[in-house]
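Listing of start36.txt, compact mmCIF, C-alpha atoms
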```
# COMPACT_ATOMS: atom_id res chain seq x y z
CA MET A 1 0.00 0.00 0.00
CA SER A 2 1.45 3.35 -0.96
CA THR A 3 -0.36 5.42 1.71
CA ILE A 4 -1.83 4.87 5.16
CA GLU A 5 -5.27 5.83 3.83
CA LYS A 6 -5.13 3.12 1.12
CA ARG A 7 -4.15 0.54 3.71
CA GLN A 8 -6.96 1.58 6.06
CA GLU A 9 -9.45 1.46 3.16
CA PHE A 10 -8.19 -2.02 2.24
CA GLU A 11 -8.49 -3.27 5.82
CA THR A 12 -11.98 -1.76 6.13
CA ASN A 13 -13.09 -3.52 2.93
CA ILE A 14 -11.70 -6.84 4.19
CA ASN A 15 -13.45 -6.44 7.54
CA ASP A 16 -16.73 -5.58 5.78
CA TYR A 17 -16.39 -8.63 3.55
CA ILE A 18 -15.73 -10.93 6.51
CA GLU A 19 -18.70 -9.43 8.40
CA GLN A 20 -20.93 -10.09 5.38
CA LEU A 21 -19.79 -13.71 5.24
CA ILE A 22 -20.38 -14.21 8.95
CA ASN A 23 -23.83 -12.62 8.83
CA ASN A 24 -24.95 -14.12 5.52
CA LYS A 25 -24.68 -17.92 5.58
CA ASP A 26 -26.02 -18.30 2.02
CA MET A 27 -23.28 -16.06 0.65
CA TYR A 28 -20.69 -18.01 2.65
CA ASP A 29 -21.99 -21.35 1.37
CA GLY A 30 -21.80 -20.08 -2.23
CA GLU A 31 -18.23 -18.86 -1.77
CA GLU A 32 -17.23 -22.10 -0.07
CA LEU A 33 -18.68 -24.15 -2.92
CA LYS A 34 -16.81 -21.98 -5.45
CA TYR A 35 -13.48 -22.43 -3.63
CA ASN A 36 -14.00 -26.17 -3.12
CA THR A 37 -14.73 -26.61 -6.84
CA PHE A 38 -11.64 -24.58 -7.71
CA ASN A 39 -9.47 -26.58 -5.31
CA GLU A 40 -10.69 -29.87 -6.78
CA LYS A 41 -9.70 -28.67 -10.25
CA ILE A 42 -6.21 -27.78 -9.00
CA LYS A 43 -5.41 -31.23 -7.60
CA GLY A 44 -3.15 -33.14 -9.99
CA SER A 45 -2.99 -30.38 -12.57
CA SER A 46 0.07 -29.47 -14.61
CA PRO A 47 1.81 -26.11 -14.04
CA GLN A 48 0.51 -24.77 -17.37
CA SER A 49 -3.11 -25.66 -16.59
CA LEU A 50 -2.72 -24.19 -13.08
CA ASN A 51 -1.50 -20.99 -14.68
CA GLU A 52 -4.56 -20.94 -16.96
CA MET A 53 -6.97 -21.58 -14.05
CA ILE A 54 -5.45 -18.81 -11.95
CA SER A 55 -5.54 -16.42 -14.90
CA GLU A 56 -9.23 -17.21 -15.48
CA ASN A 57 -10.18 -16.54 -11.86
CA TYR A 58 -7.96 -13.63 -10.82
CA SER A 59 -7.32 -10.27 -12.42
CA PRO A 60 -3.86 -9.52 -13.83
CA PHE A 61 -2.34 -7.53 -10.96
CA GLY A 62 0.69 -6.66 -13.04
CA ASP A 63 -1.50 -4.53 -15.32
CA LEU A 64 -3.13 -2.68 -12.40
CA TYR A 65 -0.06 -1.49 -10.50
CA ASP A 66 2.82 0.73 -11.54
CA GLU A 67 6.05 -1.28 -11.64
CA ASN A 68 8.10 1.74 -10.54
CA GLU A 69 5.92 2.28 -7.47
CA TYR A 70 5.89 -1.44 -6.60
CA PRO A 71 9.23 -2.82 -7.86
CA ASN A 72 8.87 -6.19 -6.07
CA LEU A 73 5.34 -6.90 -7.28
CA GLY A 74 6.66 -9.36 -9.86
CA LEU A 75 7.82 -11.65 -7.06
CA PHE A 76 4.21 -12.17 -5.99
CA LEU A 77 2.64 -12.69 -9.42
CA ILE A 78 2.05 -16.00 -11.13
CA SER A 79 4.71 -16.99 -13.64
CA LYS A 80 4.11 -16.47 -17.31
CA TYR A 81 5.47 -19.41 -19.25
CA PRO A 82 6.84 -18.55 -22.68
CA ASP A 83 5.29 -20.26 -25.64
CA LEU A 84 6.64 -21.28 -29.04
CA ASN A 85 5.43 -18.09 -30.78
CA GLU A 86 7.19 -15.92 -28.23
CA MET A 87 10.40 -17.88 -28.72
CA GLU A 88 10.20 -17.48 -32.50
CA LYS A 89 9.75 -13.72 -32.13
CA CYS A 90 12.84 -13.53 -29.91
CA LEU A 91 14.88 -15.60 -32.32
CA GLU A 92 13.87 -13.50 -35.31
CA LYS A 93 15.41 -10.46 -33.60
CA LYS A 94 18.80 -12.22 -33.58
CA LYS A 95 20.96 -11.76 -36.64
CA ASP A 96 21.47 -14.96 -38.65
CA TYR A 97 19.66 -17.09 -36.11
CA THR A 98 18.90 -19.72 -38.75
CA GLN A 99 22.63 -20.36 -39.19
CA ASN A 100 23.60 -19.96 -35.52
CA TYR A 101 20.73 -22.10 -34.21
CA CYS A 102 20.29 -24.48 -37.13
CA LEU A 103 18.93 -27.39 -35.11
CA LEU A 104 16.36 -25.21 -33.37
CA ASN A 105 15.49 -23.65 -36.71
CA GLN A 106 14.79 -27.11 -38.14
CA VAL A 107 12.42 -27.87 -35.29
CA LEU A 108 10.59 -24.57 -35.79
CA ILE A 109 10.19 -24.74 -39.55
CA CYS A 110 9.44 -28.48 -39.47
CA ASN A 111 10.10 -29.07 -43.18
CA GLU A 112 11.27 -32.16 -45.07
CA ASP A 113 14.74 -31.92 -43.47
CA TYR A 114 13.13 -32.27 -40.04
CA ASP A 115 13.79 -36.03 -39.96
CA LYS A 116 17.53 -35.30 -39.78
CA ILE A 117 16.99 -34.28 -36.18
CA GLU A 118 16.73 -37.94 -35.20
CA ASN A 119 20.52 -38.03 -35.74
CA VAL A 120 20.96 -35.83 -32.69
CA VAL A 121 20.39 -38.84 -30.44
CA ASN A 122 23.39 -40.65 -31.93
CA ILE A 123 25.53 -37.54 -31.68
CA ASN A 124 24.50 -36.85 -28.09
CA LYS A 125 25.33 -40.36 -26.88
CA LEU A 126 29.00 -39.98 -27.72
CA VAL A 127 29.18 -36.31 -26.75
CA ASN A 128 27.60 -36.97 -23.35
CA LEU A 129 29.95 -39.87 -22.65
CA LEU A 130 33.01 -37.76 -23.49
CA TYR A 131 31.64 -34.85 -21.51
CA GLN A 132 31.21 -37.02 -18.41
CA LYS A 133 34.66 -38.50 -18.84
CA TYR A 134 36.54 -35.22 -19.38
CA ASN A 135 34.44 -32.56 -17.66
CA ASN A 136 36.79 -30.28 -15.69
CA LYS A 137 39.70 -32.65 -16.40
CA ILE A 138 41.09 -31.26 -19.65
CA GLU A 139 41.64 -27.78 -21.04
CA ARG A 140 39.43 -26.65 -23.91
CA ASP A 141 42.38 -26.09 -26.27
CA LYS A 142 43.71 -29.61 -25.64
CA ALA A 143 40.24 -31.09 -26.10
CA LYS A 144 39.97 -29.50 -29.55
CA THR A 145 43.11 -31.26 -30.76
CA LYS A 146 42.36 -34.67 -29.23
CA LEU A 147 41.13 -37.46 -31.54
CA ILE A 148 37.98 -39.29 -30.44
CA LEU A 149 39.64 -42.72 -30.36
CA ASP A 150 42.44 -41.30 -28.18
CA CYS A 151 39.83 -40.45 -25.55
CA PHE A 152 39.48 -44.09 -24.58
CA ASP A 153 42.04 -46.22 -22.79
CA GLU A 154 42.79 -49.95 -22.59
CA ASN A 155 40.13 -50.43 -19.88
CA ASP A 156 37.40 -49.38 -22.31
CA ASN A 157 35.91 -51.88 -24.74
CA ILE A 158 36.95 -50.19 -27.99
CA GLU A 159 34.96 -52.53 -30.27
CA GLU A 160 31.78 -51.90 -28.29
CA ILE A 161 32.40 -48.14 -28.34
CA LYS A 162 32.96 -48.23 -32.12
CA THR A 163 29.82 -50.28 -32.72
CA ASN A 164 27.44 -48.50 -30.33
CA LEU A 165 28.76 -44.95 -30.27
CA LEU A 166 31.36 -44.06 -32.88
CA ASN A 167 29.79 -45.62 -36.00
CA PRO A 168 26.29 -44.17 -35.33
CA TYR A 169 28.00 -40.82 -34.60
CA ILE A 170 29.84 -40.90 -37.94
CA GLU A 171 26.70 -41.95 -39.84
CA SER A 172 24.72 -39.15 -38.24
```

Would you kindly transcribe this structure into structure tokens?
Amino acid sequence: MSTIEKRQEFETNINDYIEQLINNKDMYDGEELKYNTFNEKIKGSSPQSLNEMISENYSPFGDLYDENEYPNLGLFLISKYPDLNEMEKCLEKKKDYTQNYCLLNQVLICNEDYDKIENVVNINKLVNLLYQKYNNKIERDKAKTKLILDCFDENDNIEEIKTNLLNPYIES
């Protein structure tokens, strides 16, 4: 509340509302039924559907209050989850995003080359294994010059690695 008067008016309105509920059982029963119905809908719901339910039932406080006057208001508002359209708009602002984010671009445009994305699984298997093996253990410059087969030692089953990781990686 920005002033003492606004706070007192708010508290007076709350007290009046509570008095009405206490004195008017029918109104209380209606409100209780409404809240019980709402609470039943919430149980087991996904975050996105919870966001939609809250948005349907409560006004957008962020639009009502000045952000400069209430700088921490955002901490008390429901989260707004970005959607695919919003992401595309952000990407379009970036110069050459189609070249810099080619995999993401393929997902968004979803054309005939889209099936190439299935190759990412084969690429990621080997990359993730090497990442786990060398994370924080080798300098970036040395990693760039290292051959993939040199990353494995005599304890590793080289034939299995070639069959399950390296060959699918090369094909992809």

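Atom CA of A:Ser2 is found 29.7 Å from atom CA of A:Glu31.
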
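Here atom CA of A:Asn15 and atom CA of A:Asp29 stand 18.3 Å from one another.
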
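One finds atom CA of A:Arg7 at 17.6 Å from atom CA of A:Asn72.
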
Using all atoms listed in the file, the residue out of A:Lys25, A:Asp66, A:Asn122, A:Glu5 with shortest distance to A:Thr163 is A:Asn122

Using all atoms listed in the file, which protein or nucleic acid residues come within 12 Å of A:Tyr97? Drop anything in the same chain fewer than 6 positions from it, and give the result as a PyMOL selection string.
chain A and resi 87-91+103-106+108

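Using only C-alpha atoms, the shortest contact distance between A:Tyr65 and any of A:Val120, A:Leu165, A:Cys151, A:Met1 is found at A:Met1.
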
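Proximity ranking of A:Leu84, A:Ile161, A:Ile123, A:Ile4 relative to A:Ile109 places A:Leu84 first, based on all atoms listed in the file.
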
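Proximity to A:Glu118 was assessed for A:Ala143, A:Ser172, A:Asn135, A:Leu73 counting only C-alpha atoms; the smallest distance is recorded for A:Ser172.
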
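The smallest atom-to-atom distance between A:Lys162 and any of A:Glu11, A:Lys94, A:Lys41, A:Leu126, using all atoms listed in the file, is found for A:Leu126.
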